[in-house]
Every structure is written in structure tokens, then in C-alpha cells.
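Student: To be precise about what I am sending: the file is called work-v3.txt and holds compact mmCIF, C-alpha atoms.
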```
# COMPACT_ATOMS: atom_id res chain seq x y z
CA MET Y 1 94.85 83.54 132.65
CA LYS Y 2 92.61 80.92 131.04
CA THR Y 3 90.00 83.60 130.25
CA LYS Y 4 92.64 85.85 128.67
CA ILE Y 5 93.89 83.01 126.46
CA ILE Y 6 90.34 82.19 125.35
CA ASN Y 7 89.63 85.86 124.59
CA PHE Y 8 92.90 86.08 122.66
CA PHE Y 9 91.90 83.20 120.38
CA LYS Y 10 88.37 84.62 120.03
CA LEU Y 11 89.93 87.89 118.94
CA ILE Y 12 92.11 86.35 116.24
CA PHE Y 13 89.94 83.52 114.95
CA PRO Y 14 86.25 83.27 114.01
CA SER Y 15 84.19 83.20 117.19
CA THR Y 16 80.67 82.83 115.74
CA TYR Y 17 79.14 80.67 113.03
CA THR Y 18 78.78 83.71 110.79
CA GLU Y 19 82.45 84.60 111.15
CA LEU Y 20 83.38 80.98 110.51
CA ALA Y 21 81.27 80.99 107.33
CA VAL Y 22 83.08 84.14 106.12
CA PHE Y 23 86.46 82.57 106.89
CA LEU Y 24 85.67 79.28 105.16
CA PHE Y 25 84.20 81.01 102.11
CA PHE Y 26 87.27 83.14 101.44
CA MET Y 27 89.71 80.42 102.42
CA THR Y 28 88.05 78.14 99.86
CA CYS Y 29 88.09 80.76 97.09
CA TYR Y 30 91.63 81.91 97.74
CA GLY Y 31 92.73 78.32 98.44
CA ILE Y 32 91.60 77.08 95.03
CA LEU Y 33 93.43 79.95 93.35
CA GLY Y 34 96.64 79.59 95.36
CA SER Y 35 96.72 75.80 95.19
CA TYR Y 36 96.42 75.79 91.41
CA ILE Y 37 99.17 78.37 91.03
CA ALA Y 38 101.48 76.56 93.48
CA LEU Y 39 101.04 73.14 91.86
CA HIS Y 40 101.21 74.21 88.22
CA TYR Y 41 103.61 77.16 88.20
CA ARG Y 42 106.86 78.11 89.93
CA ILE Y 43 106.11 81.83 90.27
CA ILE Y 44 105.41 81.73 94.04
CA PHE Y 45 108.93 80.54 94.74
CA ASP Y 46 111.84 79.92 92.41
CA SER Y 47 115.25 79.77 94.09
CA ARG Y 48 116.80 81.49 91.05
CA ILE Y 49 114.52 84.56 91.27
CA PRO Y 50 115.15 86.78 94.31
CA TRP Y 51 112.71 89.57 93.40
CA ASP Y 52 110.34 91.12 90.85
CA ALA Y 53 108.79 87.99 89.34
CA TYR Y 54 105.43 89.73 89.68
CA PHE Y 55 104.43 93.22 90.86
CA SER Y 56 107.80 93.86 92.60
CA PHE Y 57 107.25 91.34 95.40
CA ASP Y 58 110.45 89.84 96.80
CA ASN Y 59 109.29 86.31 97.64
CA LYS Y 60 112.63 84.51 97.73
CA SER Y 61 114.49 87.38 99.36
CA ILE Y 62 111.86 87.74 102.09
CA LEU Y 63 111.66 84.00 102.76
CA MET Y 64 115.41 83.47 102.94
CA THR Y 65 116.54 86.65 104.73
CA GLY Y 66 113.43 88.50 105.90
CA GLY Y 67 114.25 91.37 103.55
CA SER Y 68 116.37 94.45 104.12
CA PHE Y 69 116.89 95.12 107.85
CA GLU Y 70 116.35 98.89 107.55
CA ARG Y 71 112.78 98.41 106.26
CA HIS Y 72 111.93 95.05 107.83
CA PRO Y 73 113.96 95.02 111.06
CA LEU Y 74 112.62 91.87 112.71
CA SER Y 75 111.06 89.94 109.81
CA TYR Y 76 114.19 87.77 109.60
CA TYR Y 77 113.11 85.83 112.68
CA PHE Y 78 109.50 85.50 111.59
CA PHE Y 79 110.27 84.21 108.12
CA ASN Y 80 112.76 81.72 109.49
CA TRP Y 81 109.75 80.00 111.08
CA VAL Y 82 107.71 80.26 107.89
CA ARG Y 83 110.52 78.81 105.78
CA GLU Y 84 111.38 76.00 108.18
CA PHE Y 85 107.73 75.00 108.62
CA SER Y 86 107.24 74.91 104.85
CA LEU Y 87 110.40 72.83 104.43
CA PHE Y 88 109.18 70.46 107.14
CA ILE Y 89 105.90 69.93 105.27
CA SER Y 90 107.70 69.45 101.95
CA GLY Y 91 110.32 67.06 103.34
CA GLY Y 92 113.15 69.57 103.00
CA LYS Y 93 112.57 70.21 99.29
CA MET Y 94 111.72 73.54 97.70
CA ASP Y 95 109.26 71.94 95.32
CA ALA Y 96 105.53 72.15 94.56
CA ASN Y 97 104.66 71.06 98.11
CA PHE Y 98 106.87 73.83 99.47
CA ARG Y 99 105.07 76.38 97.28
CA LEU Y 100 101.71 74.89 98.25
CA THR Y 101 102.47 75.29 101.97
CA LEU Y 102 103.55 78.89 101.45
CA ALA Y 103 100.39 79.61 99.46
CA TRP Y 104 98.14 78.11 102.13
CA LEU Y 105 99.84 80.04 104.91
CA SER Y 106 99.18 83.21 102.94
CA ASN Y 107 95.62 82.09 102.19
CA ILE Y 108 94.83 81.51 105.87
CA ILE Y 109 96.33 84.85 106.92
CA ILE Y 110 94.46 86.87 104.28
CA SER Y 111 91.20 85.05 105.09
CA LEU Y 112 91.72 85.91 108.77
CA ASN Y 113 92.33 89.51 107.69
CA ILE Y 114 88.91 89.48 106.00
CA VAL Y 115 87.40 88.10 109.22
CA GLN Y 116 88.93 90.95 111.24
CA VAL Y 117 87.34 93.54 108.96
CA PHE Y 118 84.04 91.66 109.14
CA LYS Y 119 84.21 91.64 112.94
CA TYR Y 120 84.83 95.38 112.95
CA LEU Y 121 81.85 96.04 110.67
CA LYS Y 122 79.60 93.76 112.71
CA ASN Y 123 80.73 94.42 116.28
CA ILE Y 124 82.13 97.96 116.29
CA ILE Y 125 80.05 99.72 113.64
CA CYS Y 126 77.10 97.35 114.24
CA LEU Y 127 76.01 97.16 110.61
CA PRO Y 128 73.29 94.67 109.65
CA LEU Y 129 74.60 91.32 108.47
CA TRP Y 130 73.63 91.76 104.82
CA LEU Y 131 75.47 95.07 104.60
CA SER Y 132 78.58 93.75 106.34
CA GLY Y 133 78.50 90.86 103.87
CA LEU Y 134 78.28 93.19 100.87
CA ILE Y 135 81.22 95.30 102.03
CA ILE Y 136 83.25 92.18 102.78
CA LEU Y 137 82.59 90.74 99.30
CA PHE Y 138 83.70 94.07 97.83
CA PHE Y 139 86.83 94.08 99.98
CA GLY Y 140 87.55 90.43 99.21
CA VAL Y 141 88.09 91.04 95.49
CA PHE Y 142 90.56 93.91 96.00
CA SER Y 143 93.68 93.16 93.96
CA THR Y 144 95.80 93.32 97.13
CA ASN Y 145 93.81 90.54 98.82
CA ILE Y 146 93.80 88.38 95.69
CA ILE Y 147 97.54 88.62 95.13
CA LEU Y 148 98.58 88.38 98.79
CA SER Y 149 96.38 85.31 99.27
CA PHE Y 150 99.13 83.23 97.62
CA THR Y 151 102.16 85.50 98.07
CA PRO Y 152 104.65 84.80 100.91
CA GLU Y 153 105.64 88.40 101.67
CA ASN Y 154 105.83 90.91 104.50
CA PHE Y 155 102.74 92.68 103.20
CA THR Y 156 100.65 89.52 103.62
CA TYR Y 157 101.23 89.29 107.35
CA THR Y 158 101.33 93.06 107.89
CA LEU Y 159 97.84 93.43 106.43
CA PHE Y 160 96.46 90.89 108.87
CA LEU Y 161 98.28 92.36 111.87
CA LEU Y 162 97.13 95.90 111.09
CA SER Y 163 93.52 94.77 110.63
CA LEU Y 164 93.71 92.80 113.87
CA TYR Y 165 95.22 95.68 115.83
CA ASN Y 166 92.65 98.15 114.50
CA TYR Y 167 89.85 95.88 115.64
CA TYR Y 168 91.50 95.30 119.02
CA SER Y 169 92.13 99.00 119.63
CA ALA Y 170 88.55 99.80 118.55
CA ILE Y 171 87.27 97.42 121.24
CA LYS Y 172 89.47 99.12 123.83
CA LEU Y 173 88.22 102.56 122.82
CA ARG Y 174 84.60 101.42 122.95
CA LYS Y 175 85.10 100.02 126.45
CA GLU Y 176 87.08 103.15 127.40
CA GLU Y 177 89.99 100.95 128.46
CA LYS Y 178 93.72 101.52 128.09
CA THR Y 179 95.81 99.44 125.73
CA PRO Y 180 98.14 97.54 128.11
CA ALA Y 181 101.89 98.04 127.79
CA ILE Y 182 102.34 94.34 126.92
CA ALA Y 183 99.81 94.52 124.09
CA LEU Y 184 101.32 97.78 122.84
CA SER Y 185 104.84 96.32 122.89
CA LEU Y 186 103.72 93.14 121.13
CA ALA Y 187 101.94 95.16 118.44
CA GLY Y 188 104.99 97.38 117.96
CA ILE Y 189 107.35 94.41 117.68
CA THR Y 190 105.18 92.47 115.22
CA ILE Y 191 103.76 95.31 113.10
CA GLY Y 192 106.83 97.55 113.19
CA GLY Y 193 109.15 94.57 113.03
CA LEU Y 194 107.73 93.47 109.69
CA THR Y 195 107.72 97.00 108.23
CA ILE Y 196 109.22 99.82 110.24
CA THR Y 197 107.06 102.61 108.78
CA ASN Y 198 104.02 101.00 110.41
CA PHE Y 199 105.52 101.27 113.90
CA VAL Y 200 104.02 104.73 114.51
CA LYS Y 201 100.51 103.45 113.68
CA VAL Y 202 100.52 101.35 116.83
CA PHE Y 203 100.35 104.48 119.00
CA ILE Y 204 97.60 106.34 117.13
CA PRO Y 205 94.67 104.83 119.14
CA LEU Y 206 96.26 106.07 122.37
CA LEU Y 207 95.55 109.66 121.26
CA PHE Y 208 91.85 108.99 121.70
CA GLU Y 209 91.85 107.36 125.11
CA LYS Y 210 89.35 109.05 127.42
CA ASN Y 211 90.60 112.22 129.13
CA LEU Y 212 94.17 111.55 128.02
CA PHE Y 213 95.03 115.25 127.68
CA ARG Y 214 92.98 116.35 130.68
CA ASP Y 215 94.47 114.08 133.32
CA TRP Y 216 98.24 114.25 133.78
CA LYS Y 217 98.28 110.80 135.40
CA LYS Y 218 96.63 109.23 132.36
CA PHE Y 219 98.95 111.15 130.05
CA GLY Y 220 101.98 110.02 132.06
CA ASN Y 221 100.76 106.43 131.96
CA ALA Y 222 100.39 106.63 128.16
CA VAL Y 223 103.94 108.01 127.87
CA PHE Y 224 105.19 105.16 130.05
CA ARG Y 225 103.46 102.54 127.88
CA ILE Y 226 104.83 104.10 124.72
CA THR Y 227 108.31 104.24 126.22
CA VAL Y 228 108.21 100.54 127.15
CA ALA Y 229 107.09 99.60 123.64
CA VAL Y 230 109.77 101.76 122.00
CA ILE Y 231 112.55 100.38 124.23
CA CYS Y 232 111.53 96.78 123.53
CA PHE Y 233 111.46 97.43 119.80
CA VAL Y 234 114.75 99.36 119.67
CA LEU Y 235 116.65 96.76 121.71
CA LEU Y 236 115.44 93.93 119.47
CA TYR Y 237 116.24 95.99 116.38
CA LEU Y 238 119.77 96.82 117.56
CA ASN Y 239 120.36 93.22 118.55
CA ARG Y 240 119.32 92.18 115.03
CA ILE Y 241 122.10 94.32 113.52
CA ASP Y 242 124.69 93.64 116.24
CA PHE Y 243 124.23 97.21 117.55
CA LYS Y 244 125.81 98.70 114.39
CA TYR Y 245 123.26 101.50 114.34
CA GLN Y 246 125.23 103.56 111.79
CA ASN Y 247 124.10 101.07 109.14
CA ILE Y 248 120.48 102.05 109.69
CA PHE Y 249 121.00 105.63 108.51
CA SER Y 250 123.25 104.80 105.55
CA LYS Y 251 120.99 102.02 104.29
CA THR Y 252 117.83 104.07 104.81
CA ASN Y 253 119.25 106.94 102.75
CA GLN Y 254 120.24 104.52 99.98
CA GLN Y 255 116.77 103.00 99.92
CA TYR Y 256 115.08 106.41 99.86
CA GLU Y 257 117.23 107.61 96.96
CA LYS Y 258 116.58 104.39 95.06
CA PHE Y 259 112.81 104.29 95.49
CA SER Y 260 111.82 107.95 95.42
CA ASN Y 261 113.43 109.33 92.25
CA VAL Y 262 111.37 107.84 89.43
CA GLU Y 263 110.56 110.50 86.84
CA SER Y 264 109.30 108.34 83.97
CA MET Y 265 105.59 108.78 84.82
CA PRO Y 266 103.49 111.76 85.98
CA THR Y 267 103.22 111.93 89.76
CA TRP Y 268 99.44 112.47 89.75
CA ASP Y 269 98.96 109.38 87.58
CA MET Y 270 101.15 107.21 89.79
CA ILE Y 271 99.15 108.37 92.81
CA LEU Y 272 95.82 107.46 91.18
CA SER Y 273 96.86 104.38 89.23
CA PHE Y 274 99.18 102.81 91.79
CA PHE Y 275 98.68 104.18 95.30
CA PHE Y 276 94.90 104.61 95.28
CA GLY Y 277 94.10 102.31 92.37
CA GLY Y 278 96.43 99.38 91.82
CA ASN Y 279 95.89 97.87 95.26
CA ILE Y 280 92.13 97.68 94.55
CA LEU Y 281 91.50 97.65 90.81
CA PHE Y 282 94.07 95.92 88.60
CA PRO Y 283 95.41 98.12 85.78
CA GLY Y 284 97.01 96.65 82.67
CA PHE Y 285 100.34 94.84 82.92
CA ILE Y 286 103.81 95.33 81.47
CA ILE Y 287 106.23 92.45 80.91
CA SER Y 288 109.88 93.26 81.59
CA ASP Y 289 113.17 91.43 81.00
CA LYS Y 290 114.89 90.75 84.34
CA HIS Y 291 117.98 88.95 85.57
CA ASN Y 292 119.18 87.78 88.98
CA MET Y 293 122.72 89.16 88.54
CA LYS Y 294 124.02 85.59 88.57
CA GLY Y 295 123.46 84.69 84.93
CA PHE Y 296 119.77 83.75 85.02
CA ASP Y 297 117.30 85.73 82.89
CA PHE Y 298 113.58 85.74 83.57
CA LYS Y 299 110.44 87.76 82.91
CA GLY Y 300 108.91 90.17 85.40
CA LEU Y 301 105.36 91.50 85.47
CA TYR Y 302 104.59 95.10 86.45
CA MET Y 303 101.44 97.15 86.76
CA ASP Y 304 100.92 99.86 84.16
CA LEU Y 305 99.07 103.16 84.47
CA TYR Y 306 95.35 103.04 83.78
CA SER Y 307 94.68 103.38 80.06
CA SER Y 308 90.94 104.20 79.93
CA PRO Y 309 88.65 106.64 81.78
CA PHE Y 310 86.61 103.88 83.49
CA PRO Y 311 89.22 102.88 86.12
CA TYR Y 312 89.83 106.54 86.97
CA PHE Y 313 86.07 107.01 87.31
CA PHE Y 314 85.88 103.96 89.60
CA ILE Y 315 88.69 105.22 91.84
CA ALA Y 316 87.24 108.74 91.89
CA ILE Y 317 83.84 107.46 93.09
CA LEU Y 318 85.45 105.32 95.78
CA LEU Y 319 87.61 108.22 96.99
CA VAL Y 320 84.55 110.49 97.12
CA LEU Y 321 82.80 107.92 99.33
CA ILE Y 322 85.84 107.64 101.59
CA ILE Y 323 86.29 111.42 101.92
CA TRP Y 324 82.54 111.81 102.45
CA SER Y 325 82.68 109.24 105.24
CA TYR Y 326 85.60 111.00 106.91
CA PHE Y 327 83.95 114.43 107.03
CA LYS Y 328 80.53 113.03 107.92
CA ASN Y 329 82.09 111.19 110.86
CA PHE Y 330 84.71 113.80 111.68
CA LYS Y 331 84.00 113.74 115.43
CA ASN Y 332 84.09 109.94 115.53
CA LYS Y 333 87.29 108.82 117.28
CA TRP Y 334 87.31 105.43 115.53
CA VAL Y 335 87.20 107.14 112.14
CA GLN Y 336 90.00 109.47 113.16
CA VAL Y 337 92.20 106.52 114.14
CA ILE Y 338 91.63 104.94 110.71
CA ALA Y 339 92.17 108.22 108.84
CA ILE Y 340 95.37 109.17 110.66
CA SER Y 341 96.78 105.71 109.98
CA PHE Y 342 95.97 106.14 106.27
CA PHE Y 343 97.46 109.64 106.30
CA VAL Y 344 100.82 108.17 107.40
CA ASP Y 345 100.95 106.12 104.20
CA ILE Y 346 99.81 109.05 102.05
CA VAL Y 347 102.69 111.16 103.39
CA ILE Y 348 105.28 108.40 102.89
CA HIS Y 349 104.27 107.43 99.36
CA CYS Y 350 102.49 110.42 97.83
CA VAL Y 351 104.27 113.35 99.51
CA MET Y 352 107.73 111.87 100.09
CA ARG Y 353 107.30 109.71 96.93
CA PHE Y 354 108.92 106.66 98.50
CA GLY Y 355 108.16 103.70 96.23
CA LEU Y 356 105.41 105.65 94.49
CA HIS Y 357 106.04 103.91 91.15
CA THR Y 358 105.36 100.56 92.84
CA SER Y 359 103.00 101.81 95.55
CA SER Y 360 100.32 99.31 94.51
CA ILE Y 361 102.22 96.66 96.52
CA TYR Y 362 102.01 98.80 99.66
CA GLY Y 363 98.26 98.23 99.78
CA GLY Y 364 98.99 95.65 102.46
CA HIS Y 365 99.57 98.61 104.78
CA PHE Y 366 96.23 100.34 104.31
CA VAL Y 367 93.57 98.70 102.08
CA PHE Y 368 91.53 97.66 105.13
CA VAL Y 369 90.81 101.38 105.57
CA TYR Y 370 88.40 101.39 102.60
CA PRO Y 371 85.82 98.87 103.87
CA LEU Y 372 85.95 100.35 107.38
CA LEU Y 373 85.30 103.90 106.18
CA LEU Y 374 82.56 102.64 103.88
CA GLY Y 375 81.03 100.94 106.90
CA TRP Y 376 81.10 104.18 108.90
CA LEU Y 377 79.49 106.03 105.98
CA PHE Y 378 76.57 103.59 105.98
CA TYR Y 379 76.36 103.93 109.76
CA ALA Y 380 76.10 107.72 109.50
CA TYR Y 381 73.04 107.40 107.25
CA ARG Y 382 71.39 104.45 108.96
CA SER Y 383 68.26 106.57 109.59
CA SER Y 384 68.02 107.81 106.00
CA PRO Y 385 66.54 105.06 103.75
CA LYS Y 386 66.97 107.03 100.51
CA ILE Y 387 70.67 107.74 101.01
CA MET Y 388 71.19 104.16 102.23
CA SER Y 389 69.62 102.90 99.01
CA VAL Y 390 71.84 105.15 96.88
CA LEU Y 391 74.97 104.08 98.77
CA THR Y 392 74.04 100.41 98.53
CA LEU Y 393 73.41 100.65 94.78
CA THR Y 394 76.71 102.51 94.35
CA VAL Y 395 78.72 99.87 96.23
CA ILE Y 396 76.99 97.04 94.32
CA SER Y 397 77.86 98.76 91.01
CA LEU Y 398 81.47 99.25 92.10
CA PHE Y 399 81.65 95.62 93.20
CA VAL Y 400 80.36 94.31 89.84
CA TYR Y 401 82.87 96.40 87.89
CA LEU Y 402 85.70 95.49 90.27
CA LEU Y 403 84.94 91.78 90.05
CA ALA Y 404 84.74 91.81 86.23
CA ASN Y 405 87.95 93.83 85.85
CA ASN Y 406 89.99 91.81 88.32
CA LEU Y 407 88.85 88.47 86.88
CA PHE Y 408 89.88 89.68 83.44
CA ARG Y 409 93.29 90.83 84.69
CA MET Y 410 93.83 87.57 86.57
CA ALA Y 411 93.24 85.75 83.28
CA GLU Y 412 96.11 87.82 81.86
CA PHE Y 413 98.20 86.91 84.91
CA PHE Y 414 97.56 83.22 84.23
CA TRP Y 415 98.63 83.69 80.61
CA PHE Y 416 101.87 85.22 81.90
CA MET Y 417 102.50 82.24 84.21
CA GLU Y 418 101.56 79.76 81.50
CA THR Y 419 104.03 81.35 79.11
CA TYR Y 420 107.01 81.98 81.41
CA TYR Y 421 106.61 80.09 84.71
CA GLN Y 422 105.58 76.50 84.03
```
Rewrite the structure from the file as C-alpha cells, please.
Tutor:
Amino acid sequence: MKTKIINFFKLIFPSTYTELAVFLFFMTCYGILGSYIALHYRIIFDSRIPWDAYFSFDNKSILMTGGSFERHPLSYYFFNWVREFSLFISGGKMDANFRLTLAWLSNIIISLNIVQVFKYLKNIICLPLWLSGLIILFFGVFSTNIILSFTPENFTYTLFLLSLYNYYSAIKLRKEEKTPAIALSLAGITIGGLTITNFVKVFIPLLFEKNLFRDWKKFGNAVFRITVAVICFVLLYLNRIDFKYQNIFSKTNQQYEKFSNVESMPTWDMILSFFFGGNILFPGFIISDKHNMKGFDFKGLYMDLYSSPFPYFFIAILLVLIIWSYFKNFKNKWVQVIAISFFVDIVIHCVMRFGLHTSSIYGGHFVFVYPLLLGWLFYAYRSSPKIMSVLTLTVISLFVYLLANNLFRMAEFFWFMETYYQ
């Protein structure tokens, strides 16, 4: 038992000096950003603003209620702990100290998410340290990581949990071990409990367990483990809504109708600018007049479509690298796990169009896919110095452009806070 506990903490937290250095570096960078925003502006949490202060995040709604039960079935319990801990630190007041605590909780979680991706690159793909560092720096300035590093939202914690579970399942696949029913149930409850559409992703690694479809005993065992996880999740979900399961279907239909029928922008542009782009490379912003339906007016900030060819070119190059990696490593089971997980989100947002007009915020469900697939692409060409050099130069160029663009857009974000959220 002691060994399992130690291994559990080694899995979640930095376990080497290099991993600790990565964690401290990003925690410092994100911490400075989040601390300044929390202490000088009220945008992280304002009790009068339930949603849409920036980029459609629902900070107050999530913190106070956990969000809508049909999309976030068990987040109510989790965010009760987050809220009460933050109130304890702030002495029961929802003031600057309250916002600061929320920002630092987000900062720590996103920094741990970066560590999980770094561990995967280093321990599963076995990339050299300098290359893992380059990919991590690139990943670290994604718009999703920057924004979630101070945002108390479901996406913040979901991103970490998905990164953690992908690393954990990759270890199990490498050792040719089964994912235990307890671990599978815990992953389903936490990942699916925060956002229900991610529940299916928990079971994807099981498809690649050794001889699963050749040995009926192993297949039966996998079915048993899945059944246990599903039963645990369903019972907790039904208990959350007092077993009024009819509400699930009616609310889900309402949400789908509300978030999938936006015709004001071309679908292809929303897919590129928001789903594939906005969670990595900030586009321009739009300021909107909002109200809380209780007499309080405020300003909201939204992402716009890209307005120049350079961002589209950036996203196109990155997508080419990702697709290249997938086909080059097509027989790689770890790559298939990552790709299938990403495909789930593509179907939900791009095919079914759910939340496509705000799909940039859903990056918390899949942005970790990009650095991992980039890592596998480098791995595939580890014996080809020329291609390695070209790939390295390409990623460095993308990183420089990404950093410059996102710093510029964050300056605009600070102007927005300075003007409307002091």
C-alpha cells in the first residue's frame, strides 16, 4: 500500500529535478500573470457576473453550482471544495484574496498539466531533453494554457486530468498491463464527472490492451471493468439529480439546440479560427454588451475570426505536422489512443457543431494532443538528421510567431480589463 501511494504521488507530481524545474518555471510565469490579474482586476470572479466576462467562461456559475448538471454531472461536488477552500483562505470574503487563491489553484493545475505532457515526451516517447523542452515551451504558450492558468473553470481541471490519464494509460500499455477497475472508475468519475462528453475517452486505451480481441477471457475482463466504471458513474450521476433521469434528456436537447445553431459565421472558418486555432493562437477580440438578467450591465470579450492570412498559415502548418505524425505512426497504439480521443472532440464540435462558435474554450479537452503528436513525429524521424533539423526549425519558427502573437493579444486583454474590470 505504501508503495502504491508513493507511485501515485510520483505519477501526479514532479518526480525528478528536471520535472521540478519545468513545474517551477511555468508556475512562476503563470503565477505572476494570474496574481497580477487577481489583485488588480475583478474579472476572475465578480459575484454580479455569472458568465461570459471573457471568452464564454462561466467562472461564477461553475464555482457556485458546478455548472449545468447535464454537461457537468459531478462538478458540483468538486467545486464546492474549491469554493470553500478559497473562502477559508480569504476569511470568508469574495475579495482579491479569494480571486488570488482561485488563480493560484488554476496555476498549479495547469503547471502540473505541463509536467504530465513533459513526462510523456520524456518517458514514453523518450525524446532527448532539449527537444522535450522545446515542445513544452511551445505548448506552454498555447492560448488555452495561458487563459486557464488563472481561470477557475471545468476546463482547467479537465485538461490536467486528461493529460494525467493519457500518461498513466500510456505507461500501462508500455508495460502491457491492464488498467485496474478502480483506476478506470476513478478516471470515469473525475474526467466524465467534470464534462460528460469526455467519459468515453477513459475507455479508449483499453482497445489496445494486448490480445484483447484474441482472448475471450481478457475481453470479458475488459467488459467487466468497463461495466463497473459505468455503474459507478451512473449511480453518482443519478444521485446528483435525485434520480430524475428525464431531466437529462430534456436539458441535453435544450443545450444542443442552443449551442449548435449559430449561422452568423461560415462553418469552415469557425472550425479553423476557433476549434483548431483559438485554443492555440489568439485571434482578434470582440467586445460585447452583456447583462446578468438582474439589472447589471457589463462588457464581455469574445474571440473573433482570424483576419489575416498569417494565422491561417500557422494553423495549416501545425495541422500538416499533426496529420503527418498520425499517418507516419499509424501502427503505433499510443498514437491511435491520442488520435481517437481527438476524433471524439472533432465529431462533437465540427460535425455535430455543438458549441462550434465558442469551440476555442473547449481546448481544455484536447490541446495536449498537439505536443504529444509532435513528439511522436520527431520520434519517427529520430534516425534522419536532415528531417529532424527541418522539423526543429519549423517548430522554433511556429513558437516564435505564437509567442509574439499571444503576447500582443494578452496586451489587448489587459487593456480590456483596465478599461472595464478595475
Student: Taking all atoms listed in the file into account, name the residue in Y:Trp81, Y:Tyr381, Y:Phe313, Y:Phe45 that is nearest to Asp95 (chain Y).
Tutor: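 For Asp95 (chain Y), the nearest of the given residues is Y:Phe45.
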Student: Could you name the residues that touch region 292-300 of chain Y at 8 Å or less, counting all atoms listed in the file, but leaving out those on the same chain fewer than 3 positions away, as a list in words?
Tutor: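 What passes the distance filter is Arg48, Ile49, Pro50, Asp52, Ala53, Tyr54, Phe55, Ile287, Ser288, Asp289 and Tyr420 of chain Y.
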Student: Quick one, how far is CA of Asn221 (chain Y) from CA of Tyr165 (chain Y)?
Tutor: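 Computing it gives 20.2 Å between the two atoms.
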Student: Which distance in Å separates CA of Gly31 (chain Y) and CA of Asn107 (chain Y), to one decimal?
Tutor: 6.1 Å
Student: CA of Phe138 (chain Y) and CA of Leu318 (chain Y) are how many Å apart?
Tutor: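 One can read the CA of Phe138 (chain Y) to CA of Leu318 (chain Y) distance as 11.6 Å.
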Student: Might you pull out every residue within 10 Å of Ile182 (chain Y), with all atoms listed in the file counted and same-chain residues fewer than 6 positions away left off, and present them as number ranges by chain?
Tutor: Y: 188, 225, 228-229
Student: Measuring atom to atom with all atoms listed in the file, identify which of Y:Phe275, Y:Tyr77, Y:Tyr312, Y:Phe150 is nearest to Phe354 (chain Y).
Tutor: Y:Phe275
Student: Which residue gives the smallest distance to Phe310 (chain Y) among Y:Phe330, Y:Met1, Y:Gly277, Y:Ala183, with only C-alpha atoms counted?
Tutor: Y:Gly277
Student: Dump as CSV the rows for residues of region 7-108 of chain Y within 9 Å of region 230-238 of chain Y: closest atom pair and distance in Å with one decimal, only C-alpha atoms counted, ordered by chain and rising residue number.
Tutor:
```
residue,atom,partner,partner_atom,distance
Y:Phe69,CA,Y:Tyr237,CA,8.6
Y:Pro73,CA,Y:Tyr237,CA,5.9
Y:Leu74,CA,Y:Tyr237,CA,6.6
```
Student: Using only the atoms of region 208-211 of chain Y listed in the file, plus 3 Å on each side, state the axis-aligned box centre and edge lengths in Å rounded to one decimal, as AutoDock Vina command-line options.
Tutor:
```
--center_x 90.6 --center_y 109.8 --center_z 125.4 --size_x 8.5 --size_y 10.9 --size_z 13.4
```
Student: Which of these residues is nearest to His357 (chain Y), using only C-alpha atoms: Y:Ser56, Y:Gln336, Y:Phe142, Y:Asn211?
Tutor: Y:Ser56
Student: May I have the residues within 10 Å of Pro266 (chain Y) as a ChimeraX atom specification, using all atoms listed in the file and disregarding those fewer than 4 positions away in the same chain?
Tutor: /Y:262,270-271,305,357
Student: Which residues, written as a list of chain:residue names, have at least one atom at most 9 Å from Asp46 (chain Y), with all atoms listed in the file counted and residues fewer than 6 positions away on the same chain left out?
Tutor: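 The residues that qualify are Y:Asn59, Y:Lys60, Y:Met94, Y:Asp95.
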Student: Given the choices Y:Ser35, Y:Ser61, Y:Asn239, Y:Ser359, which gets closest to Ser47 (chain Y) if the distance is worked out from only C-alpha atoms?
Tutor: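 Checking each of Y:Ser35, Y:Ser61, Y:Asn239, Y:Ser359 against Ser47 (chain Y), counting only C-alpha atoms, the winner is Y:Ser61.
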Student: Go through Y:Lys328, Y:Leu39, Y:Thr16, Y:Ile109 and flag the residue nearest Met417 (chain Y), using only C-alpha atoms for the distances.
Tutor: Y:Leu39
Student: Please provide the set of residues having any atom within 12 Å of Phe276 (chain Y), restricted to only C-alpha atoms, with same-chain residues fewer than 6 positions apart removed, written as number ranges by chain.
Tutor: Y: 142-144, 268-270, 282-283, 305-306, 311-312, 314-319, 322, 342, 345-346, 349-350, 356-363, 366-367, 369-370
Student: Find the residues with any atom within 8 Å of (110.0, 85.1, 108.4); use only C-alpha atoms and the coordinates as given in the file, and write the answer as JSON, numbers by chain.
Tutor: {"Y": [62, 63, 64, 65, 66, 75, 76, 77, 78, 79, 80, 81, 82, 83]}
